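Peer 1: Structure supplied as model.txt; contents: compact mmCIF, C-alpha atoms.
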```
# COMPACT_ATOMS: atom_id res chain seq x y z
CA PRO B 697 -18.36 -12.11 21.04
CA LYS B 698 -17.54 -15.61 22.26
CA GLY B 699 -20.61 -17.22 20.63
CA GLU B 700 -19.95 -15.53 17.29
CA ARG B 701 -16.52 -17.15 17.08
CA GLN B 702 -18.28 -20.50 16.57
CA ASN B 703 -19.80 -19.05 13.41
CA VAL B 704 -17.72 -20.01 10.36
CA PHE B 705 -18.58 -16.80 8.53
CA TRP B 706 -17.38 -14.58 11.40
CA HIS B 707 -13.92 -16.01 10.76
CA TYR B 708 -14.27 -15.45 7.00
CA GLU B 709 -15.03 -11.76 7.65
CA GLU B 710 -11.98 -11.43 9.91
CA ILE B 711 -9.69 -13.08 7.35
CA ILE B 712 -11.05 -10.95 4.48
CA LYS B 713 -10.58 -7.77 6.54
CA ASN B 714 -6.98 -8.71 7.41
CA LEU B 715 -6.16 -9.61 3.80
CA LYS B 716 -7.46 -6.26 2.57
CA THR B 717 -5.42 -4.44 5.21
CA ALA B 718 -2.34 -6.32 4.00
CA GLY B 719 -3.08 -5.29 0.41
CA ARG B 720 -3.82 -8.87 -0.71
CA ILE B 721 -6.98 -7.91 -2.60
CA GLY B 722 -7.04 -10.90 -4.96
CA THR B 723 -6.84 -13.39 -2.09
CA ALA B 724 -9.50 -11.43 -0.18
CA ASP B 725 -11.77 -11.75 -3.24
CA SER B 726 -11.21 -15.53 -3.30
CA TYR B 727 -12.37 -15.81 0.33
CA HIS B 728 -15.33 -13.53 -0.39
CA TYR B 729 -16.51 -15.67 -3.35
CA ALA B 730 -16.06 -18.86 -1.33
CA GLN B 731 -18.02 -17.39 1.58
CA ASN B 732 -20.90 -16.40 -0.74
CA ALA B 733 -21.07 -19.91 -2.22
CA LEU B 734 -21.07 -21.52 1.25
CA MET B 735 -23.78 -19.11 2.46
CA LYS B 736 -26.00 -20.00 -0.51
CA TYR B 737 -25.56 -23.71 0.17
CA ALA B 738 -26.23 -23.28 3.91
CA ASP B 739 -29.09 -20.85 3.11
CA SER B 740 -27.93 -18.81 6.07
CA LYS B 741 -25.43 -16.15 7.14
CA ARG B 742 -24.57 -18.23 10.19
CA ILE B 743 -23.27 -21.78 10.35
CA MET B 744 -21.57 -23.27 13.36
CA PHE B 745 -18.32 -25.25 13.10
CA LYS B 746 -19.97 -28.35 14.61
CA LEU B 747 -22.21 -28.62 11.52
CA ILE B 748 -19.26 -28.87 9.11
CA THR B 749 -19.01 -32.65 8.77
CA PRO B 750 -17.71 -34.84 5.91
CA LYS B 751 -21.36 -35.40 4.89
CA TRP B 752 -22.01 -31.62 4.84
CA LEU B 753 -18.90 -31.04 2.74
CA GLN B 754 -19.90 -33.77 0.27
CA GLY B 755 -23.31 -32.11 0.04
CA PHE B 756 -21.63 -28.79 -0.82
CA GLU B 757 -19.55 -30.49 -3.53
CA ASP B 758 -22.70 -32.10 -5.03
CA TYR B 759 -24.52 -28.75 -4.85
CA MET B 760 -21.72 -27.02 -6.73
CA ILE B 761 -21.55 -29.76 -9.37
CA ASP B 762 -25.31 -29.42 -9.91
CA ALA B 763 -24.72 -25.67 -10.37
CA ASP B 764 -22.22 -26.56 -13.13
CA ARG B 765 -19.18 -25.29 -11.23
CA SER B 766 -15.79 -26.81 -12.05
CA MET B 767 -13.79 -29.07 -9.75
CA THR B 768 -11.08 -26.39 -9.76
CA THR B 769 -13.53 -23.83 -8.33
CA ILE B 770 -14.95 -26.30 -5.80
CA GLY B 771 -11.44 -27.19 -4.63
CA MET B 772 -10.45 -23.51 -4.35
CA TYR B 773 -13.52 -22.66 -2.24
CA LEU B 774 -13.08 -25.65 0.06
CA ARG B 775 -9.40 -24.91 0.62
CA THR B 776 -10.44 -21.56 2.09
CA LEU B 777 -12.84 -23.38 4.44
CA ARG B 778 -10.08 -25.81 5.42
CA TYR B 779 -7.84 -22.84 6.26
CA VAL B 780 -10.61 -21.31 8.39
CA LEU B 781 -11.02 -24.58 10.30
CA ASN B 782 -7.27 -25.01 10.84
CA LYS B 783 -7.06 -21.45 12.12
CA ALA B 784 -10.02 -22.00 14.47
CA ILE B 785 -8.37 -25.16 15.85
CA GLU B 786 -5.11 -23.27 16.46
CA GLU B 787 -7.05 -20.57 18.29
CA GLY B 788 -8.85 -23.14 20.44
CA GLU B 789 -12.29 -22.43 18.96
CA VAL B 790 -12.71 -25.93 17.51
CA LYS B 791 -11.65 -29.32 18.89
CA ARG B 792 -9.23 -31.24 16.69
CA GLU B 793 -11.50 -34.31 16.64
CA GLN B 794 -14.14 -32.20 14.87
CA TYR B 795 -11.82 -31.71 11.87
CA PRO B 796 -13.73 -33.06 8.82
CA PHE B 797 -10.93 -33.13 6.22
CA GLY B 798 -8.48 -35.90 5.38
CA LYS B 799 -8.32 -39.62 4.65
CA ARG B 800 -11.44 -41.59 5.58
CA LYS B 801 -13.18 -38.22 6.07
CA TYR B 802 -13.67 -35.68 3.28
CA VAL B 803 -10.99 -35.15 0.62
CA ILE B 804 -11.01 -31.90 -1.35
CA PRO B 805 -11.23 -32.60 -5.10
CA GLU B 806 -8.32 -31.66 -7.31
CA GLY B 807 -9.05 -29.77 -10.52
CA ARG B 808 -7.80 -31.18 -13.78
CA ASN B 809 -4.40 -29.68 -14.50
CA THR B 810 -5.03 -28.59 -18.07
CA LYS B 811 -1.83 -27.45 -19.77
CA LYS B 812 -2.60 -24.06 -21.30
CA ALA B 813 0.20 -23.52 -23.78
CA LEU B 814 0.24 -22.65 -27.47
CA SER B 815 2.48 -24.73 -29.71
CA GLN B 816 5.28 -23.17 -31.74
CA ASP B 817 3.10 -23.19 -34.87
CA GLN B 818 0.17 -21.61 -33.02
CA LEU B 819 2.38 -18.87 -31.59
CA LYS B 820 3.59 -18.12 -35.13
CA ILE B 821 0.00 -17.85 -36.41
CA LEU B 822 -0.99 -15.51 -33.57
CA PHE B 823 2.10 -13.34 -34.01
CA GLU B 824 1.71 -13.00 -37.80
CA CYS B 825 -2.09 -12.72 -38.08
CA VAL B 826 -3.74 -9.40 -38.97
CA PRO B 827 -6.07 -8.15 -36.18
CA SER B 828 -9.47 -6.77 -37.26
CA THR B 829 -9.50 -3.94 -34.71
CA PRO B 830 -7.02 -1.81 -32.72
CA GLU B 831 -8.34 -3.53 -29.57
CA GLN B 832 -7.43 -6.95 -30.95
CA GLU B 833 -3.98 -5.68 -31.90
CA LYS B 834 -3.45 -4.29 -28.39
CA ALA B 835 -4.58 -7.58 -26.85
CA ARG B 836 -2.17 -9.53 -29.06
CA ASP B 837 0.66 -7.11 -28.26
CA PHE B 838 0.21 -7.43 -24.49
CA PHE B 839 0.01 -11.23 -24.79
CA PHE B 840 3.43 -11.24 -26.48
CA PHE B 841 4.81 -8.69 -24.02
CA SER B 842 3.87 -11.15 -21.28
CA TYR B 843 5.20 -14.15 -23.23
CA MET B 844 8.57 -12.49 -23.91
CA SER B 845 8.79 -11.25 -20.30
CA ASN B 846 8.97 -14.69 -18.67
CA GLY B 847 5.19 -15.03 -18.77
CA MET B 848 4.65 -12.19 -16.29
CA ASN B 849 1.00 -11.66 -15.42
CA MET B 850 -1.07 -8.55 -16.04
CA MET B 851 -0.82 -7.35 -12.44
CA ASP B 852 2.98 -7.39 -12.63
CA ILE B 853 2.91 -5.65 -16.02
CA ALA B 854 0.57 -2.97 -14.65
CA LYS B 855 2.86 -2.43 -11.65
CA LEU B 856 6.05 -2.06 -13.71
CA LYS B 857 7.61 1.28 -12.86
CA VAL B 858 9.61 3.52 -15.19
CA GLU B 859 12.50 3.45 -12.70
CA GLN B 860 12.78 -0.36 -13.08
CA MET B 861 13.69 -0.09 -16.76
CA GLU B 862 17.33 -0.32 -17.86
CA SER B 863 18.66 -0.08 -21.41
CA ASP B 864 18.44 -3.80 -22.13
CA ARG B 865 16.54 -5.33 -19.20
CA PHE B 866 14.31 -4.86 -16.19
CA HIS B 867 13.89 -6.60 -12.86
CA PHE B 868 10.64 -7.25 -11.02
CA THR B 869 9.25 -9.12 -8.04
CA ARG B 870 5.97 -10.98 -8.47
CA ALA B 871 3.07 -9.19 -6.79
CA LYS B 872 1.38 -12.55 -6.20
CA THR B 873 4.07 -13.74 -3.79
CA ALA B 874 5.56 -10.44 -2.54
CA LYS B 875 3.26 -10.42 0.50
CA THR B 876 3.72 -14.08 1.41
CA LYS B 877 7.45 -14.68 0.86
CA LYS B 878 9.17 -11.70 2.42
CA GLY B 879 12.92 -12.11 2.48
CA LYS B 880 12.81 -15.17 0.22
CA GLN B 881 12.00 -13.51 -3.08
CA LYS B 882 14.68 -13.15 -5.69
CA PRO B 883 13.98 -10.48 -8.34
CA ILE B 884 13.26 -11.88 -11.81
CA THR B 885 15.40 -10.49 -14.63
CA VAL B 886 13.81 -9.95 -18.04
CA PHE B 887 15.93 -9.07 -21.06
CA LEU B 888 14.27 -6.66 -23.47
CA THR B 889 13.75 -7.57 -27.12
CA GLU B 890 12.40 -5.55 -30.02
CA ILE B 891 8.91 -6.94 -29.25
CA GLN B 892 8.70 -5.56 -25.70
CA SER B 893 10.32 -2.27 -26.73
CA LYS B 894 7.69 -1.79 -29.43
CA VAL B 895 4.85 -2.43 -26.96
CA ILE B 896 6.37 0.09 -24.52
CA ALA B 897 6.76 2.68 -27.28
CA THR B 898 3.16 2.14 -28.47
CA TYR B 899 1.25 1.84 -25.19
CA GLY B 900 3.59 3.22 -22.53
CA ASN B 901 2.89 6.32 -20.45
CA SER B 902 3.65 9.45 -22.48
CA SER B 903 4.15 11.69 -19.46
CA SER B 904 7.77 12.10 -18.37
CA ALA B 905 6.52 12.38 -14.78
CA ALA B 906 4.70 9.04 -14.89
CA VAL B 907 5.55 6.50 -12.17
CA TYR B 908 4.16 3.42 -13.90
CA LEU B 909 5.36 2.24 -17.31
CA PHE B 910 1.83 1.66 -18.67
CA PRO B 911 -1.29 3.80 -17.99
CA ILE B 912 -3.25 0.90 -16.46
CA ILE B 913 -3.01 2.12 -12.87
CA SER B 914 -1.78 5.34 -11.25
CA GLU B 915 -0.07 6.21 -7.99
CA SER B 916 -3.09 8.32 -6.91
CA GLN B 917 -5.31 5.20 -6.71
CA ASP B 918 -5.59 3.09 -3.57
CA ILE B 919 -4.80 -0.66 -3.68
CA GLU B 920 -8.42 -1.74 -4.21
CA GLU B 921 -8.89 0.71 -7.11
CA GLN B 922 -5.63 -0.45 -8.70
CA HIS B 923 -6.72 -4.08 -8.36
CA ARG B 924 -10.08 -3.25 -9.96
CA ASN B 925 -8.39 -1.44 -12.88
CA VAL B 926 -6.02 -4.35 -13.55
CA LYS B 927 -8.95 -6.77 -13.43
CA ASN B 928 -10.91 -4.67 -15.95
CA PHE B 929 -7.85 -4.29 -18.20
CA THR B 930 -7.20 -8.05 -18.14
CA ARG B 931 -10.86 -8.83 -18.88
CA THR B 932 -10.84 -6.47 -21.88
CA VAL B 933 -7.57 -7.90 -23.22
CA ASN B 934 -8.91 -11.45 -22.85
CA GLN B 935 -12.19 -10.62 -24.63
CA HIS B 936 -10.39 -9.25 -27.69
CA LEU B 937 -7.72 -11.97 -27.59
CA LYS B 938 -10.43 -14.63 -27.76
CA LYS B 939 -12.06 -12.93 -30.77
CA LEU B 940 -8.70 -12.70 -32.56
CA CYS B 941 -7.92 -16.36 -31.88
CA ARG B 942 -11.39 -17.49 -32.97
CA ALA B 943 -10.95 -15.64 -36.29
CA ASN B 944 -7.62 -17.39 -36.90
CA GLY B 945 -8.51 -20.97 -35.97
CA LEU B 946 -6.70 -20.91 -32.62
CA PRO B 947 -7.91 -22.01 -29.16
CA GLU B 948 -9.76 -19.24 -27.31
CA ILE B 949 -6.90 -18.35 -25.03
CA SER B 950 -6.41 -15.85 -22.21
CA THR B 951 -3.35 -13.92 -21.06
CA TYR B 952 -2.67 -16.79 -18.64
CA TRP B 953 -1.62 -18.91 -21.62
CA ALA B 954 1.40 -16.63 -22.13
CA ARG B 955 3.01 -17.95 -18.93
CA HIS B 956 2.52 -21.62 -19.83
CA SER B 957 3.56 -20.98 -23.43
CA PHE B 958 6.77 -19.27 -22.29
CA ALA B 959 7.61 -22.16 -19.94
CA THR B 960 6.89 -24.82 -22.56
CA ARG B 961 8.82 -23.14 -25.38
CA ALA B 962 11.79 -22.44 -23.09
CA VAL B 963 12.02 -26.07 -21.89
CA ASN B 964 11.55 -27.36 -25.45
CA SER B 965 14.47 -25.12 -26.40
CA GLY B 966 16.70 -26.68 -23.76
CA ALA B 967 16.17 -24.56 -20.62
CA SER B 968 16.66 -26.47 -17.37
CA MET B 969 13.96 -26.71 -14.69
CA GLU B 970 16.25 -24.80 -12.31
CA PHE B 971 16.53 -21.95 -14.84
CA MET B 972 12.75 -22.05 -15.29
CA ARG B 973 12.17 -21.91 -11.52
CA GLU B 974 14.14 -18.64 -11.38
CA SER B 975 12.55 -17.25 -14.55
CA LEU B 976 9.01 -17.93 -13.29
CA GLY B 977 9.79 -16.74 -9.76
CA HIS B 978 8.85 -19.97 -8.02
CA GLY B 979 10.08 -20.53 -4.49
CA ASP B 980 9.57 -24.29 -4.78
CA MET B 981 10.84 -26.47 -7.63
CA LYS B 982 7.71 -28.65 -7.32
CA THR B 983 5.55 -25.84 -8.71
CA THR B 984 7.53 -25.32 -11.93
CA PRO B 985 6.58 -28.50 -13.89
CA ASN B 986 2.90 -27.50 -13.60
CA TYR B 987 3.58 -24.67 -16.07
CA PHE B 988 5.16 -26.97 -18.64
CA ALA B 989 2.78 -28.51 -21.21
CA GLY B 990 5.15 -31.24 -22.39
CA PHE B 991 7.29 -31.67 -25.47
CA ASP B 992 5.69 -31.10 -28.85
CA ASP B 993 5.90 -33.56 -31.76
CA SER B 994 8.87 -31.84 -33.39
CA ALA B 995 10.94 -32.26 -30.22
CA GLY B 996 10.10 -35.97 -30.16
CA LYS B 997 11.07 -36.40 -33.81
CA GLU B 998 14.35 -34.56 -33.28
CA LEU B 999 15.17 -36.84 -30.36
CA ALA B 1000 14.33 -39.99 -32.34
CA GLN B 1001 16.49 -38.88 -35.25
CA SER B 1002 19.41 -38.01 -32.96
CA LEU B 1003 19.51 -41.36 -31.12
CA MET B 1004 21.62 -43.06 -33.82
CA LYS B 1005 23.94 -40.09 -34.39
CA PHE B 1006 26.96 -41.62 -32.69
```
As structure tokens, how would this structure be written, given the file I've shared?
Peer 2:
Amino acid sequence: PKGERQNVFWHYEEIIKNLKTAGRIGTADSYHYAQNALMKYADSKRIMFKLITPKWLQGFEDYMIDADRSMTTIGMYLRTLRYVLNKAIEEGEVKREQYPFGKRKYVIPEGRNTKKALSQDQLKILFECVPSTPEQEKARDFFFFSYMSNGMNMMDIAKLKVEQMESDRFHFTRAKTAKTKKGKQKPITVFLTEIQSKVIATYGNSSSAAVYLFPIISESQDIEEQHRNVKNFTRTVNQHLKKLCRANGLPEISTYWARHSFATRAVNSGASMEFMRESLGHGDMKTTPNYFAGFDDSAGKELAQSLMKF
């Protein structure tokens, strides 16, 4: 209905429906969570575009801060609303002069870019520590599988197929960007080491007819069920990883740290940013430095000592 198209949340529902149809379940969830937060703030299931002003947006930010939500979360939710508004303008539902974002209007806050990487010493402690339970050992093993596999995330690990495996390597395309960068994606090559091979031997699918390398998802499940299984698997791994780290004096990390740790250790070891861009599967070089936590003290000392070696 014509009148409904002035309702912000009608557009959210349309976007969520289209994302689910396209198999982009994670992005659909992000829009769903943002919509719920905006509905709670508006105290209504209907809000018209004309009410979304810089003052209203600032009020939402203050409301979220009072609810102890992070700037990262606030920024993520408001970027979905900005997309909805841009789309509505393109479709002629909203006049451009109503646009509330930008300089001298409302600026979406940026979250603090915390570098989530373990140092070389911390990685050694985690690798050599003795887990208290089989669950902690499994969590540690999958963290290092991710770390040694170019920091690949749990969704990509879950979607690894037996047919992708070669004797000394495998290739994969990131699920996160497969739907949004068709034709532009270059497969990432991962060379197998003893560490990954051991994880595959220990936790891999035992059935010779299995499609997926690990029994996290199955081909009989639909996309939403697969997404739910990967989410549950990741949550369980993170819970036990945190317990293991706490017991060994390490930061309470998550599997996400594997990606940043891989990038940081690789650059500290001399890898170029161009090599890292390919290894991480980034389409844009500007994204890559965000995964690099900086040089550790030992790298700085080595540089200082080498300066006078003529």
Peer 1: Have a look at atom CA of Arg870 of chain B and atom CA of Asp852 of chain B and let me know their distance in Å, one decimal.
Peer 2: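 Atom-to-atom, atom CA of Arg870 of chain B and atom CA of Asp852 of chain B are spaced 6.3 Å apart.
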Peer 1: Counting only C-alpha atoms, figure out which residue out of B:Thr930, B:Gln818, B:Asn703, B:Ser914 gets nearest to Arg742 of chain B.
Peer 2: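 Of B:Thr930, B:Gln818, B:Asn703, B:Ser914, the one nearest Arg742 of chain B is B:Asn703, counting only C-alpha atoms.
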Peer 1: Can you tell me, as a ChimeraX atom specification, what residues are no more than 12 Å from segment 935-944 of chain B when counting only C-alpha atoms, ignoring any on the same chain fewer than 6 positions away?
Peer 2: /B:814,818-840,928-929,950-954
Peer 1: Can you spit out the residues from that selection as a PDB file, in the coordinates of the input, using C-alpha atoms?
Peer 2:
```
ATOM      1  CA  LEU B 814       0.240 -22.650 -27.470  1.00  0.00           C
ATOM      2  CA  GLN B 818       0.170 -21.610 -33.020  1.00  0.00           C
ATOM      3  CA  LEU B 819       2.380 -18.870 -31.590  1.00  0.00           C
ATOM      4  CA  LYS B 820       3.590 -18.120 -35.130  1.00  0.00           C
ATOM      5  CA  ILE B 821       0.000 -17.850 -36.410  1.00  0.00           C
ATOM      6  CA  LEU B 822      -0.990 -15.510 -33.570  1.00  0.00           C
ATOM      7  CA  PHE B 823       2.100 -13.340 -34.010  1.00  0.00           C
ATOM      8  CA  GLU B 824       1.710 -13.000 -37.800  1.00  0.00           C
ATOM      9  CA  CYS B 825      -2.090 -12.720 -38.080  1.00  0.00           C
ATOM     10  CA  VAL B 826      -3.740  -9.400 -38.970  1.00  0.00           C
ATOM     11  CA  PRO B 827      -6.070  -8.150 -36.180  1.00  0.00           C
ATOM     12  CA  SER B 828      -9.470  -6.770 -37.260  1.00  0.00           C
ATOM     13  CA  THR B 829      -9.500  -3.940 -34.710  1.00  0.00           C
ATOM     14  CA  PRO B 830      -7.020  -1.810 -32.720  1.00  0.00           C
ATOM     15  CA  GLU B 831      -8.340  -3.530 -29.570  1.00  0.00           C
ATOM     16  CA  GLN B 832      -7.430  -6.950 -30.950  1.00  0.00           C
ATOM     17  CA  GLU B 833      -3.980  -5.680 -31.900  1.00  0.00           C
ATOM     18  CA  LYS B 834      -3.450  -4.290 -28.390  1.00  0.00           C
ATOM     19  CA  ALA B 835      -4.580  -7.580 -26.850  1.00  0.00           C
ATOM     20  CA  ARG B 836      -2.170  -9.530 -29.060  1.00  0.00           C
ATOM     21  CA  ASP B 837       0.660  -7.110 -28.260  1.00  0.00           C
ATOM     22  CA  PHE B 838       0.210  -7.430 -24.490  1.00  0.00           C
ATOM     23  CA  PHE B 839       0.010 -11.230 -24.790  1.00  0.00           C
ATOM     24  CA  PHE B 840       3.430 -11.240 -26.480  1.00  0.00           C
ATOM     25  CA  ASN B 928     -10.910  -4.670 -15.950  1.00  0.00           C
ATOM     26  CA  PHE B 929      -7.850  -4.290 -18.200  1.00  0.00           C
ATOM     27  CA  SER B 950      -6.410 -15.850 -22.210  1.00  0.00           C
ATOM     28  CA  THR B 951      -3.350 -13.920 -21.060  1.00  0.00           C
ATOM     29  CA  TYR B 952      -2.670 -16.790 -18.640  1.00  0.00           C
ATOM     30  CA  TRP B 953      -1.620 -18.910 -21.620  1.00  0.00           C
ATOM     31  CA  ALA B 954       1.400 -16.630 -22.130  1.00  0.00           C
TER      32      ALA B 954
END
```
Peer 1: The residues within 12 Å of (-10.5, -3.4, -18.1), using only C-alpha atoms and the coordinates of the file, should be reported as a list in words; which are they?
Peer 2: Glu831, Ala835, Met850, Met851, Ala854, Pro911, Ile912, Ile913, Glu921, Gln922, His923, Arg924, Asn925, Val926, Lys927, Asn928, Phe929, Thr930, Arg931, Thr932, Val933, Asn934, Gln935 and His936 of chain B
Peer 1: Quick one: residues within 12 Å of segment 758-761 of chain B, only C-alpha atoms counted, chain neighbours fewer than 2 positions away excluded, as a PyMOL selection string?
Peer 2: chain B and resi 730+733-734+736-738+751-756+763-771+773-774+805
Peer 1: For atom CA of Ile711 of chain B and atom CA of Ala724 of chain B, determine how far apart the two atoms are, in Å to one decimal place.
Peer 2: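 So the two atoms, atom CA of Ile711 of chain B and atom CA of Ala724 of chain B, lie 7.7 Å apart.
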Peer 1: Ranking B:Gln731, B:Phe745, B:Asp918, B:Ser957 by minimum distance to Lys791 of chain B and counting all atoms listed in the file, which one comes first?
Peer 2: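 Ranked by minimum distance to Lys791 of chain B, first place goes to B:Phe745.
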Peer 1: Atom CA of Glu789 of chain B to atom CA of Arg775 of chain B: how many Å, to one decimal?
Peer 2: 18.7 Å
Peer 1: Find the smallest box with edges along x, y and z containing every listed atom of segment 703-711 of chain B, then add 8 Å on each side and report centre and edge lengths in Å to one decimal, as AutoDock Vina command-line options.
Peer 2:
```
--center_x -14.7 --center_y -15.7 --center_z 10.2 --size_x 26.1 --size_y 24.6 --size_z 22.4
```
Peer 1: For Met744 of chain B, which residue out of B:Ile721, B:Met772, B:Val704, B:Ile712 is the nearest one, using all atoms listed in the file?
Peer 2: B:Val704
Peer 1: When distances are computed from only C-alpha atoms, which of B:Ser904, B:Gln892, B:Thr723, B:Asn782 shows the smallest separation from Ser842 of chain B?
Peer 2: B:Gln892
Peer 1: I'd like to know which of B:Lys783, B:Lys713, B:His707, B:His956 is closest to Asp725 of chain B, using all atoms listed in the file.
Peer 2: B:Lys713
Peer 1: Smallest atom-to-atom distance to Ala959 of chain B: which of B:Thr889, B:Ser740, B:Ser845, B:Thr898, using only C-alpha atoms?
Peer 2: B:Ser845
